[in-house]
$ cat structure02.tsv   # TSV, N, CA and C atoms and all ligand atoms
chain	number	residue	atom	x	y	z
A	8	MET	N	-29.26	-12.59	-5.78
A	8	MET	CA	-29.78	-12.10	-4.49
A	8	MET	C	-29.95	-10.60	-4.52
A	9	SER	N	-29.83	-9.99	-5.67
A	9	SER	CA	-29.91	-8.54	-5.74
A	9	SER	C	-31.26	-8.09	-6.30
A	10	GLU	N	-32.27	-8.94	-6.12
A	10	GLU	CA	-33.58	-8.58	-6.65
A	10	GLU	C	-34.47	-7.95	-5.60
A	11	ALA	N	-33.87	-7.42	-4.58
A	11	ALA	CA	-34.65	-6.80	-3.53
A	11	ALA	C	-35.46	-5.63	-4.09
A	12	THR	N	-36.74	-5.65	-3.76
A	12	THR	CA	-37.60	-4.60	-4.30
A	12	THR	C	-37.58	-3.34	-3.44
A	13	GLY	N	-37.06	-3.49	-2.23
A	13	GLY	CA	-37.04	-2.35	-1.33
A	13	GLY	C	-36.11	-1.27	-1.85
A	14	SER	N	-36.58	-0.05	-1.82
A	14	SER	CA	-35.73	1.04	-2.27
A	14	SER	C	-35.51	2.01	-1.12
A	15	GLY	N	-34.35	2.55	-1.06
A	15	GLY	CA	-34.07	3.52	-0.03
A	15	GLY	C	-33.43	2.90	1.20
A	16	ALA	N	-33.43	1.58	1.30
A	16	ALA	CA	-32.79	0.96	2.45
A	16	ALA	C	-31.29	1.01	2.29
A	17	PRO	N	-30.57	1.33	3.31
A	17	PRO	CA	-29.10	1.39	3.22
A	17	PRO	C	-28.52	0.04	2.82
A	18	GLY	N	-29.13	-1.03	3.27
A	18	GLY	CA	-28.66	-2.34	2.86
A	18	GLY	C	-27.45	-2.81	3.62
A	19	ILE	N	-27.18	-2.23	4.74
A	19	ILE	CA	-26.02	-2.67	5.53
A	19	ILE	C	-26.48	-3.71	6.54
A	20	THR	N	-26.00	-4.90	6.35
A	20	THR	CA	-26.31	-5.97	7.29
A	20	THR	C	-25.04	-6.42	7.98
A	21	ALA	N	-25.21	-7.29	8.94
A	21	ALA	CA	-24.04	-7.80	9.65
A	21	ALA	C	-23.14	-8.58	8.71
A	22	ALA	N	-23.78	-9.30	7.81
A	22	ALA	CA	-22.98	-10.11	6.89
A	22	ALA	C	-22.14	-9.24	5.98
A	23	SER	N	-22.74	-8.20	5.46
A	23	SER	CA	-21.99	-7.35	4.55
A	23	SER	C	-20.94	-6.53	5.29
A	24	ALA	N	-21.20	-6.26	6.54
A	24	ALA	CA	-20.24	-5.49	7.31
A	24	ALA	C	-18.97	-6.29	7.55
A	25	PHE	N	-19.12	-7.58	7.71
A	25	PHE	CA	-17.96	-8.42	7.98
A	25	PHE	C	-17.33	-8.96	6.70
A	26	ALA	N	-17.99	-8.72	5.59
A	26	ALA	CA	-17.54	-9.35	4.36
A	26	ALA	C	-16.14	-8.90	3.97
A	27	GLY	N	-15.85	-7.65	4.19
A	27	GLY	CA	-14.58	-7.15	3.71
A	27	GLY	C	-13.44	-7.27	4.70
A	28	MET	N	-13.69	-7.88	5.83
A	28	MET	CA	-12.66	-7.91	6.85
A	28	MET	C	-11.61	-8.98	6.58
A	29	ARG	N	-12.07	-10.12	6.19
A	29	ARG	CA	-11.12	-11.22	6.00
A	29	ARG	C	-11.40	-11.94	4.71
A	30	ARG	N	-10.39	-12.60	4.24
A	30	ARG	CA	-10.56	-13.40	3.05
A	30	ARG	C	-11.39	-14.63	3.38
A	31	VAL	N	-12.24	-14.97	2.45
A	31	VAL	CA	-13.10	-16.13	2.67
A	31	VAL	C	-12.36	-17.42	2.35
A	32	SER	N	-11.65	-17.38	1.25
A	32	SER	CA	-10.95	-18.60	0.84
A	32	SER	C	-9.68	-18.77	1.65
A	33	PRO	N	-9.36	-20.00	1.97
A	33	PRO	CA	-8.13	-20.25	2.72
A	33	PRO	C	-6.90	-19.97	1.89
A	34	VAL	N	-5.90	-19.44	2.54
A	34	VAL	CA	-4.67	-19.09	1.84
A	34	VAL	C	-3.80	-20.34	1.72
A	35	VAL	N	-3.38	-20.62	0.52
A	35	VAL	CA	-2.54	-21.78	0.27
A	35	VAL	C	-1.28	-21.34	-0.45
A	36	PHE	N	-0.17	-21.86	0.00
A	36	PHE	CA	1.10	-21.52	-0.62
A	36	PHE	C	1.66	-22.75	-1.32
A	37	LYS	N	2.20	-22.53	-2.47
A	37	LYS	CA	2.82	-23.63	-3.19
A	37	LYS	C	4.32	-23.62	-2.92
A	38	ALA	N	4.81	-24.77	-2.53
A	38	ALA	CA	6.22	-24.88	-2.22
A	38	ALA	C	6.74	-26.21	-2.72
A	39	GLY	N	8.00	-26.20	-3.10
A	39	GLY	CA	8.63	-27.40	-3.61
A	39	GLY	C	9.68	-27.91	-2.65
A	40	CYS	N	9.85	-29.23	-2.64
A	40	CYS	CA	10.86	-29.85	-1.79
A	40	CYS	C	12.05	-30.25	-2.66
A	41	PRO	N	13.23	-29.75	-2.32
A	41	PRO	CA	14.41	-30.10	-3.12
A	41	PRO	C	14.87	-31.53	-2.86
A	42	ASP	N	14.40	-32.12	-1.80
A	42	ASP	CA	14.85	-33.46	-1.45
A	42	ASP	C	14.14	-34.52	-2.28
A	43	CYS	N	12.82	-34.49	-2.25
A	43	CYS	CA	12.05	-35.48	-3.01
A	43	CYS	C	11.48	-34.87	-4.29
A	44	ARG	N	11.76	-33.59	-4.48
A	44	ARG	CA	11.32	-32.89	-5.68
A	44	ARG	C	9.82	-32.90	-5.85
A	45	GLY	N	9.12	-32.93	-4.76
A	45	GLY	CA	7.67	-32.87	-4.81
A	45	GLY	C	7.18	-31.45	-4.65
A	46	ARG	N	6.03	-31.21	-5.21
A	46	ARG	CA	5.44	-29.88	-5.07
A	46	ARG	C	4.15	-30.02	-4.29
A	47	PHE	N	3.99	-29.17	-3.31
A	47	PHE	CA	2.86	-29.31	-2.42
A	47	PHE	C	2.18	-27.97	-2.21
A	48	GLU	N	0.91	-28.05	-1.86
A	48	GLU	CA	0.17	-26.86	-1.48
A	48	GLU	C	0.03	-26.87	0.04
A	49	LEU	N	0.62	-25.87	0.64
A	49	LEU	CA	0.67	-25.83	2.09
A	49	LEU	C	-0.19	-24.70	2.62
A	50	ALA	N	-0.88	-25.01	3.70
A	50	ALA	CA	-1.67	-23.98	4.36
A	50	ALA	C	-0.74	-23.08	5.16
A	51	ALA	N	-1.27	-21.96	5.58
A	51	ALA	CA	-0.45	-20.99	6.29
A	51	ALA	C	0.09	-21.58	7.59
A	52	GLY	N	-0.67	-22.47	8.20
A	52	GLY	CA	-0.24	-23.06	9.46
A	52	GLY	C	0.91	-24.04	9.31
A	53	ALA	N	1.16	-24.50	8.10
A	53	ALA	CA	2.24	-25.45	7.87
A	53	ALA	C	3.57	-24.76	7.61
A	54	LEU	N	3.52	-23.47	7.45
A	54	LEU	CA	4.73	-22.73	7.13
A	54	LEU	C	5.18	-21.88	8.32
A	55	ARG	N	6.46	-21.69	8.39
A	55	ARG	CA	7.02	-20.80	9.39
A	55	ARG	C	8.00	-19.86	8.73
A	56	LEU	N	7.92	-18.63	9.17
A	56	LEU	CA	8.77	-17.61	8.58
A	56	LEU	C	9.71	-17.07	9.66
A	57	ALA	N	10.99	-17.10	9.34
A	57	ALA	CA	11.99	-16.57	10.26
A	57	ALA	C	12.63	-15.34	9.64
A	58	ILE	N	12.50	-14.23	10.32
A	58	ILE	CA	13.04	-12.98	9.82
A	58	ILE	C	14.30	-12.63	10.60
A	59	GLY	N	15.40	-12.62	9.91
A	59	GLY	CA	16.66	-12.29	10.54
A	59	GLY	C	17.02	-10.84	10.38
A	60	ALA	N	18.23	-10.52	10.76
A	60	ALA	CA	18.67	-9.14	10.67
A	60	ALA	C	18.85	-8.71	9.22
A	61	THR	N	19.27	-9.65	8.40
A	61	THR	CA	19.46	-9.33	7.00
A	61	THR	C	18.64	-10.29	6.16
A	62	SER	N	18.61	-10.00	4.86
A	62	SER	CA	17.84	-10.86	3.97
A	62	SER	C	18.45	-12.25	3.86
A	63	ARG	N	19.73	-12.35	4.19
A	63	ARG	CA	20.38	-13.65	4.11
A	63	ARG	C	19.91	-14.57	5.22
A	64	THR	N	19.53	-14.01	6.31
A	64	THR	CA	19.09	-14.83	7.43
A	64	THR	C	17.58	-14.87	7.53
A	65	THR	N	16.93	-14.40	6.49
A	65	THR	CA	15.47	-14.46	6.45
A	65	THR	C	15.05	-15.62	5.56
A	66	PHE	N	14.31	-16.53	6.12
A	66	PHE	CA	13.92	-17.70	5.35
A	66	PHE	C	12.59	-18.24	5.86
A	67	TYR	N	11.99	-19.07	5.06
A	67	TYR	CA	10.79	-19.77	5.52
A	67	TYR	C	11.06	-21.26	5.48
A	68	SER	N	10.38	-21.98	6.32
A	68	SER	CA	10.63	-23.40	6.44
A	68	SER	C	9.30	-24.12	6.58
A	69	PHE	N	9.33	-25.37	6.18
A	69	PHE	CA	8.15	-26.21	6.34
A	69	PHE	C	8.59	-27.66	6.33
A	70	THR	N	7.77	-28.49	6.90
A	70	THR	CA	8.04	-29.92	6.89
A	70	THR	C	7.41	-30.53	5.65
A	71	CYS	N	8.24	-31.16	4.85
A	71	CYS	CA	7.75	-31.71	3.59
A	71	CYS	C	6.74	-32.83	3.85
A	72	PRO	N	5.55	-32.72	3.29
A	72	PRO	CA	4.54	-33.77	3.47
A	72	PRO	C	4.92	-35.05	2.74
A	73	GLY	N	5.84	-34.94	1.81
A	73	GLY	CA	6.21	-36.11	1.02
A	73	GLY	C	7.25	-36.98	1.69
A	74	CYS	N	8.34	-36.37	2.14
A	74	CYS	CA	9.43	-37.14	2.71
A	74	CYS	C	9.68	-36.82	4.17
A	75	GLY	N	9.04	-35.78	4.68
A	75	GLY	CA	9.14	-35.49	6.09
A	75	GLY	C	10.34	-34.67	6.50
A	76	CYS	N	11.13	-34.26	5.54
A	76	CYS	CA	12.31	-33.49	5.88
A	76	CYS	C	11.93	-32.02	6.05
A	77	THR	N	12.79	-31.31	6.75
A	77	THR	CA	12.56	-29.89	6.94
A	77	THR	C	13.21	-29.11	5.81
A	78	VAL	N	12.39	-28.33	5.14
A	78	VAL	CA	12.88	-27.57	3.99
A	78	VAL	C	13.02	-26.11	4.40
A	79	ARG	N	14.15	-25.56	4.07
A	79	ARG	CA	14.39	-24.15	4.33
A	79	ARG	C	14.71	-23.45	3.02
A	80	LYS	N	14.07	-22.34	2.83
A	80	LYS	CA	14.32	-21.58	1.62
A	80	LYS	C	14.40	-20.10	1.97
A	81	PRO	N	15.27	-19.40	1.28
A	81	PRO	CA	15.39	-17.96	1.54
A	81	PRO	C	14.13	-17.23	1.15
A	82	ALA	N	13.79	-16.23	1.92
A	82	ALA	CA	12.58	-15.47	1.67
A	82	ALA	C	12.93	-14.02	1.40
A	83	GLY	N	12.58	-13.59	0.22
A	83	GLY	CA	12.79	-12.19	-0.13
A	83	GLY	C	11.68	-11.33	0.43
A	84	ASP	N	11.79	-10.06	0.09
A	84	ASP	CA	10.82	-9.12	0.63
A	84	ASP	C	9.40	-9.45	0.20
A	85	ARG	N	9.27	-9.87	-1.04
A	85	ARG	CA	7.93	-10.18	-1.53
A	85	ARG	C	7.36	-11.41	-0.85
A	86	ILE	N	8.23	-12.39	-0.65
A	86	ILE	CA	7.77	-13.61	-0.01
A	86	ILE	C	7.39	-13.35	1.44
A	87	VAL	N	8.21	-12.53	2.10
A	87	VAL	CA	7.92	-12.19	3.48
A	87	VAL	C	6.55	-11.51	3.58
A	88	GLU	N	6.34	-10.58	2.67
A	88	GLU	CA	5.07	-9.86	2.68
A	88	GLU	C	3.91	-10.80	2.38
A	89	LEU	N	4.17	-11.72	1.46
A	89	LEU	CA	3.13	-12.66	1.07
A	89	LEU	C	2.77	-13.60	2.22
A	90	LEU	N	3.79	-14.08	2.89
A	90	LEU	CA	3.57	-15.04	3.96
A	90	LEU	C	2.92	-14.39	5.18
A	91	THR	N	3.42	-13.23	5.53
A	91	THR	CA	2.87	-12.56	6.70
A	91	THR	C	1.43	-12.13	6.45
A	92	ASP	N	1.16	-11.73	5.22
A	92	ASP	CA	-0.20	-11.33	4.87
A	92	ASP	C	-1.13	-12.54	4.86
A	93	GLY	N	-0.55	-13.71	4.60
A	93	GLY	CA	-1.35	-14.92	4.56
A	93	GLY	C	-1.54	-15.58	5.91
A	94	GLY	N	-0.96	-14.99	6.94
A	94	GLY	CA	-1.18	-15.51	8.27
A	94	GLY	C	-0.16	-16.55	8.72
A	95	VAL	N	0.99	-16.57	8.06
A	95	VAL	CA	2.04	-17.51	8.46
A	95	VAL	C	2.72	-17.01	9.74
A	96	ARG	N	2.99	-17.96	10.60
A	96	ARG	CA	3.68	-17.60	11.84
A	96	ARG	C	5.05	-17.01	11.54
A	97	THR	N	5.31	-15.89	12.15
A	97	THR	CA	6.57	-15.21	11.91
A	97	THR	C	7.42	-15.24	13.17
A	98	LEU	N	8.65	-15.66	12.98
A	98	LEU	CA	9.59	-15.70	14.09
A	98	LEU	C	10.71	-14.71	13.79
A	99	ARG	N	10.90	-13.80	14.69
A	99	ARG	CA	11.95	-12.81	14.47
A	99	ARG	C	13.23	-13.24	15.18
A	100	LEU	N	14.27	-13.32	14.41
A	100	LEU	CA	15.54	-13.75	14.95
A	100	LEU	C	16.38	-12.53	15.31
A	101	HIS	N	16.64	-12.42	16.56
A	101	HIS	CA	17.49	-11.30	16.99
A	101	HIS	C	18.83	-11.85	17.46
A	102	SER	N	19.84	-11.41	16.79
A	102	SER	CA	21.17	-11.89	17.14
A	102	SER	C	21.98	-10.77	17.76
A	103	ALA	N	21.39	-10.10	18.70
A	103	ALA	CA	22.10	-9.00	19.36
A	103	ALA	C	23.19	-9.58	20.25
A	104	GLY	N	24.40	-9.24	19.86
A	104	GLY	CA	25.53	-9.79	20.58
A	104	GLY	C	25.59	-9.24	21.98
B	201	ZN	ZN	10.35	-33.87	0.38
$ encode --input "structure02.tsv" --output "structure tokens" --more "lines below"
Ligand SMILES: [Zn+2]
Amino acid sequence: MSEATGSGAPGITAASAFAGMRRVSPVVFKAGCPDCRGRFELAAGALRLAIGATSRTTFYSFTCPGCGCTVRKPAGDRIVELLTDGGVRTLRLHSAG
């Protein structure tokens, strides 16, 4: 599509303006279930991220598509960044006494 013969045109269209705003491909996360030992590709909407006061209380959870159980796994800084960047719902846990 780059065979345009026009020269001097800025070439800024609505499509190109929006191109860099969001990712085109859907974000998929790979997660394993310790219960049925299945590995699944989950969309961002299937995952939930809970951020606690410390890294110990920060985890992500999802409902296993294989056995239906709720899986919870600790989430480190990289995972938190990855999930939040991918559009996963984030729940902040405040345990203010
Ligand atoms: Zn499972």
$ closest_residue --input "structure02.tsv" --among "A:Val78, A:His101, A:Pro41, A:Ser68" --to "Leu56 in chain A" --atoms "only C-alpha atoms"
A:Ser68
$ atom_distance --input "structure02.tsv" --atom1 "atom C of Cys71 in chain A" --atom2 "atom C of Thr91 in chain A"
21.5 Å
$ residues_near_ligand --input "structure02.tsv" --ligand "ligand ZN 201 (chain B)" --cutoff "12 Å" --atoms "only C-alpha atoms and all ligand atoms" --output "ChimeraX atom specification"
/A:38-47,69-79
$ atom_distance --input "structure02.tsv" --atom1 "atom C of Ala53 in chain A" --atom2 "atom C of Phe66 in chain A"
11.3 Å
$ atom_distance --input "structure02.tsv" --atom1 "CA of Ala51 in chain A" --atom2 "CA of Thr64 in chain A"
20.5 Å
$ residues_around --input "structure02.tsv" --residues "Pro81 in chain A" --least-positions-apart "6" --cutoff "7 Å" --atoms "all atoms listed in the file" --output "PyMOL selection string"
chain A and resi 62-63+65-67
$ write_last_selection --input "structure02.tsv" --atoms "N, CA and C atoms" --output "compact mmCIF listing (two decimals), in the frame of the given file"
# COMPACT_ATOMS: atom_id res chain seq x y z
N SER A 62 18.61 -10.00 4.86
CA SER A 62 17.84 -10.86 3.97
C SER A 62 18.45 -12.25 3.86
N ARG A 63 19.73 -12.35 4.19
CA ARG A 63 20.38 -13.65 4.11
C ARG A 63 19.91 -14.57 5.22
N THR A 65 16.93 -14.40 6.49
CA THR A 65 15.47 -14.46 6.45
C THR A 65 15.05 -15.62 5.56
N PHE A 66 14.31 -16.53 6.12
CA PHE A 66 13.92 -17.70 5.35
C PHE A 66 12.59 -18.24 5.86
N TYR A 67 11.99 -19.07 5.06
CA TYR A 67 10.79 -19.77 5.52
C TYR A 67 11.06 -21.26 5.48
